Amino acid sequence: MTAKHMEKSCNVLPKEDSEGLGEYLPYVLAFVLCEYFQQEQMNFSGKKVIELGSGTGVVGILAVLLGGQVTLTDESHALKQIEHNVSVNVPESCRHLATIRTLSWGFDHMNFSNDYDIILGSDIVYYPSDYPELLQTLLHLSNPRTIIYIVTCIRGCHETRKFHEALIPQYFNSHTVQGDWGVDIYIYKLTLKRPETGEEQPMVIKRPDSDVEFKSGHPRTEPLFGGLGRSLKGEKNPV
């Protein structure tokens with residue numbers, strides 16, 4: 001199924017049916033972000049890119065096909081399917097542009113540099129308990145020139161909206177570049193806020209289910225993938 005077909009599927013679904021997408025929602029979000037890249041005629045040539053929570057790897061694979069030097073990351077158990085999907089969807093001539101690595105947010109993010117030009121995330125704002133680690137990872141990977149694209153579905157609870165509208169703006173310039181396709185799906189574009197002083201300001205946030213504060217020092221500083229969806233190998237990911 002192409003991104004255009006996936007987008008049409010979104011267009012005909014009312015907001016109250018967004019959860020009805022169930023296990024397909026992560027795929028829909030990935031294709032929505034891919035479709036945006038095509039609409040904007042984005043070219044990642046010469047760009048250093050990292051994708052968080054790659055899942056099937058569809059977004060990172062498109063970034064490779066658009067010329068980017070891409071690191072696709074996820075938990076270790078997901079790497080095998082990413083490797084398979086890269087092997088069958090990326091031509092051998094440009095497969096050297098793709099790197100696949102384990103990244104557990106908030107734990108081994110320090111093993112990665114902060115010189116990325118672009119950070120990608122599809123359906124990564126999911127569990128509120130993961131927000132502190134996700135934000136910590138985004139801050140570590142970012143520099144003043146980094147552009148972050150995150151596609152999110154605002155689900156039944158309000159925590160996802162709070163993440164984008166209350167927490168993220170404390171550290172990033174954020175605006176919606178597209179949404180909502182009738183199912184509360186939004187693409188956010190983020191850039192790191194520049195520090196107002198030379199002092200390092202700690203990141204202080206609370207887990208939604210706890211009164212414990214977490215601190216992290218950081219300055220507030222026709223489609224290319226037409227057949228990609230049909231050849232992706234991926235585990236079902238219930239919403």
# chains A, B, ... in the order shown; residues from 1 in each chain; ligands from 1
call {"tool": "residues_around", "arguments": {"residues": "His175 (chain A)", "least_positions_apart": "3", "cutoff": "8 Å", "atoms": "only C-alpha atoms", "output": "CSV table (one decimal) with N, CA, C and O atoms, in the first residue's frame"}}
result
chain,number,residue,atom,x,y,z
A,188,TYR,N,4.9,17.5,13.7
A,188,TYR,CA,5.5,18.6,14.4
A,188,TYR,C,6.9,18.8,13.9
A,188,TYR,O,7.7,17.8,13.7
A,189,LYS,N,7.3,20.0,13.8
A,189,LYS,CA,8.7,20.4,13.4
A,189,LYS,C,9.3,21.1,14.6
A,189,LYS,O,8.8,22.2,15.0
A,190,LEU,N,10.5,20.6,15.1
A,190,LEU,CA,11.1,21.2,16.3
A,190,LEU,C,12.5,21.6,16.0
A,190,LEU,O,13.2,21.0,15.1
call {"tool": "residues_around", "arguments": {"residues": "Tyr149 (chain A)", "least_positions_apart": "2", "cutoff": "8 Å", "atoms": "only C-alpha atoms", "output": "number ranges by chain"}}
result
A: 118-121, 147, 151, 187-190
call {"tool": "closest_residue", "arguments": {"among": "A:Ser142, A:Thr160, A:Thr71, A:Gln81", "to": "Lys48 (chain A)", "atoms": "only C-alpha atoms"}}
result
A:Thr71
call {"tool": "residues_around", "arguments": {"residues": "Ala78 (chain A)", "least_positions_apart": "3", "cutoff": "9 Å", "atoms": "only C-alpha atoms", "output": "PDB file with all heavy atoms, in the first residue's frame"}}
result
ATOM      1  N   SER A  54      12.452   3.146  15.280  1.00  0.00           N
ATOM      2  CA  SER A  54      12.248   2.902  13.848  1.00  0.00           C
ATOM      3  C   SER A  54      11.155   1.884  13.550  1.00  0.00           C
ATOM      4  O   SER A  54      10.498   1.969  12.515  1.00  0.00           O
ATOM      5  CB  SER A  54      13.554   2.435  13.199  1.00  0.00           C
ATOM      6  OG  SER A  54      14.525   3.452  13.257  1.00  0.00           O
ATOM      7  N   GLY A  55      10.966   0.887  14.428  1.00  0.00           N
ATOM      8  CA  GLY A  55       9.912  -0.104  14.172  1.00  0.00           C
ATOM      9  C   GLY A  55      10.219  -0.921  12.932  1.00  0.00           C
ATOM     10  O   GLY A  55      11.173  -1.682  12.871  1.00  0.00           O
ATOM     11  N   THR A  56       9.401  -0.751  11.892  1.00  0.00           N
ATOM     12  CA  THR A  56       9.660  -1.435  10.626  1.00  0.00           C
ATOM     13  C   THR A  56      10.766  -0.748   9.825  1.00  0.00           C
ATOM     14  O   THR A  56      11.310  -1.338   8.895  1.00  0.00           O
ATOM     15  CB  THR A  56       8.395  -1.477   9.758  1.00  0.00           C
ATOM     16  OG1 THR A  56       7.972  -0.137   9.482  1.00  0.00           O
ATOM     17  CG2 THR A  56       7.278  -2.227  10.456  1.00  0.00           C
ATOM     18  N   THR A  73      17.268   3.418  14.617  1.00  0.00           N
ATOM     19  CA  THR A  73      17.460   2.912  15.968  1.00  0.00           C
ATOM     20  C   THR A  73      16.163   2.392  16.563  1.00  0.00           C
ATOM     21  O   THR A  73      15.066   2.829  16.222  1.00  0.00           O
ATOM     22  CB  THR A  73      18.008   4.015  16.907  1.00  0.00           C
ATOM     23  OG1 THR A  73      16.987   5.005  17.140  1.00  0.00           O
ATOM     24  CG2 THR A  73      19.231   4.686  16.314  1.00  0.00           C
ATOM     25  N   ASP A  74      16.318   1.453  17.474  1.00  0.00           N
ATOM     26  CA  ASP A  74      15.187   0.917  18.233  1.00  0.00           C
ATOM     27  C   ASP A  74      15.759   0.007  19.312  1.00  0.00           C
ATOM     28  O   ASP A  74      16.978  -0.149  19.421  1.00  0.00           O
ATOM     29  CB  ASP A  74      14.223   0.149  17.318  1.00  0.00           C
ATOM     30  CG  ASP A  74      12.774   0.219  17.825  1.00  0.00           C
ATOM     31  OD1 ASP A  74      12.578   0.088  19.054  1.00  0.00           O
ATOM     32  OD2 ASP A  74      11.855   0.400  17.012  1.00  0.00           O
ATOM     33  N   GLU A  75      14.857  -0.605  20.082  1.00  0.00           N
ATOM     34  CA  GLU A  75      15.299  -1.600  21.055  1.00  0.00           C
ATOM     35  C   GLU A  75      15.903  -2.794  20.314  1.00  0.00           C
ATOM     36  O   GLU A  75      15.596  -3.042  19.148  1.00  0.00           O
ATOM     37  CB  GLU A  75      14.115  -2.053  21.910  1.00  0.00           C
ATOM     38  CG  GLU A  75      13.448  -0.944  22.715  1.00  0.00           C
ATOM     39  CD  GLU A  75      14.254  -0.533  23.939  1.00  0.00           C
ATOM     40  OE1 GLU A  75      15.286  -1.192  24.222  1.00  0.00           O
ATOM     41  OE2 GLU A  75      13.868   0.427  24.611  1.00  0.00           O
ATOM     42  N   GLN A  81      14.080  -7.145  12.284  1.00  0.00           N
ATOM     43  CA  GLN A  81      13.122  -6.809  11.240  1.00  0.00           C
ATOM     44  C   GLN A  81      13.541  -5.554  10.478  1.00  0.00           C
ATOM     45  O   GLN A  81      13.298  -5.440   9.279  1.00  0.00           O
ATOM     46  CB  GLN A  81      11.712  -6.643  11.811  1.00  0.00           C
ATOM     47  CG  GLN A  81      11.492  -5.413  12.674  1.00  0.00           C
ATOM     48  CD  GLN A  81      10.043  -5.297  13.127  1.00  0.00           C
ATOM     49  OE1 GLN A  81       9.312  -6.273  13.128  1.00  0.00           O
ATOM     50  NE2 GLN A  81       9.643  -4.100  13.522  1.00  0.00           N
ATOM     51  N   ILE A  82      14.199  -4.615  11.151  1.00  0.00           N
ATOM     52  CA  ILE A  82      14.706  -3.427  10.461  1.00  0.00           C
ATOM     53  C   ILE A  82      15.769  -3.834   9.442  1.00  0.00           C
ATOM     54  O   ILE A  82      15.772  -3.376   8.301  1.00  0.00           O
ATOM     55  CB  ILE A  82      15.281  -2.402  11.459  1.00  0.00           C
ATOM     56  CG1 ILE A  82      14.191  -1.902  12.402  1.00  0.00           C
ATOM     57  CG2 ILE A  82      15.900  -1.220  10.717  1.00  0.00           C
ATOM     58  CD1 ILE A  82      14.705  -1.017  13.519  1.00  0.00           C
ATOM     59  N   GLU A  83      16.678  -4.708   9.863  1.00  0.00           N
ATOM     60  CA  GLU A  83      17.731  -5.186   8.962  1.00  0.00           C
ATOM     61  C   GLU A  83      17.123  -5.859   7.734  1.00  0.00           C
ATOM     62  O   GLU A  83      17.579  -5.638   6.603  1.00  0.00           O
ATOM     63  CB  GLU A  83      18.649  -6.157   9.705  1.00  0.00           C
ATOM     64  CG  GLU A  83      19.502  -5.489  10.779  1.00  0.00           C
ATOM     65  CD  GLU A  83      20.216  -6.494  11.662  1.00  0.00           C
ATOM     66  OE1 GLU A  83      19.937  -7.714  11.515  1.00  0.00           O
ATOM     67  OE2 GLU A  83      21.036  -6.072  12.500  1.00  0.00           O
ATOM     68  N   THR A 102      21.132  -0.185  18.263  1.00  0.00           N
ATOM     69  CA  THR A 102      20.262  -0.197  19.433  1.00  0.00           C
ATOM     70  C   THR A 102      20.317   1.160  20.125  1.00  0.00           C
ATOM     71  O   THR A 102      21.392   1.732  20.303  1.00  0.00           O
ATOM     72  CB  THR A 102      20.704  -1.282  20.432  1.00  0.00           C
ATOM     73  OG1 THR A 102      20.654  -2.555  19.793  1.00  0.00           O
ATOM     74  CG2 THR A 102      19.812  -1.289  21.661  1.00  0.00           C
ATOM     75  N   GLY A 234       7.110  -6.810   9.641  1.00  0.00           N
ATOM     76  CA  GLY A 234       6.976  -6.155  10.930  1.00  0.00           C
ATOM     77  C   GLY A 234       6.004  -6.870  11.827  1.00  0.00           C
ATOM     78  O   GLY A 234       5.036  -7.460  11.384  1.00  0.00           O
ATOM     79  N   GLU A 235       6.298  -6.804  13.118  1.00  0.00           N
ATOM     80  CA  GLU A 235       5.402  -7.387  14.091  1.00  0.00           C
ATOM     81  C   GLU A 235       4.225  -6.461  14.298  1.00  0.00           C
ATOM     82  O   GLU A 235       4.336  -5.250  14.162  1.00  0.00           O
ATOM     83  CB  GLU A 235       6.126  -7.583  15.429  1.00  0.00           C
ATOM     84  CG  GLU A 235       7.319  -8.507  15.307  1.00  0.00           C
ATOM     85  CD  GLU A 235       8.094  -8.577  16.609  1.00  0.00           C
ATOM     86  OE1 GLU A 235       7.725  -7.834  17.534  1.00  0.00           O
ATOM     87  OE2 GLU A 235       9.041  -9.350  16.677  1.00  0.00           O
TER      88      GLU A 235
END
call {"tool": "closest_residue", "arguments": {"among": "A:Gly67, A:Met110, A:Val58, A:Ile185", "to": "Val88 (chain A)", "atoms": "only C-alpha atoms"}}
result
A:Val58
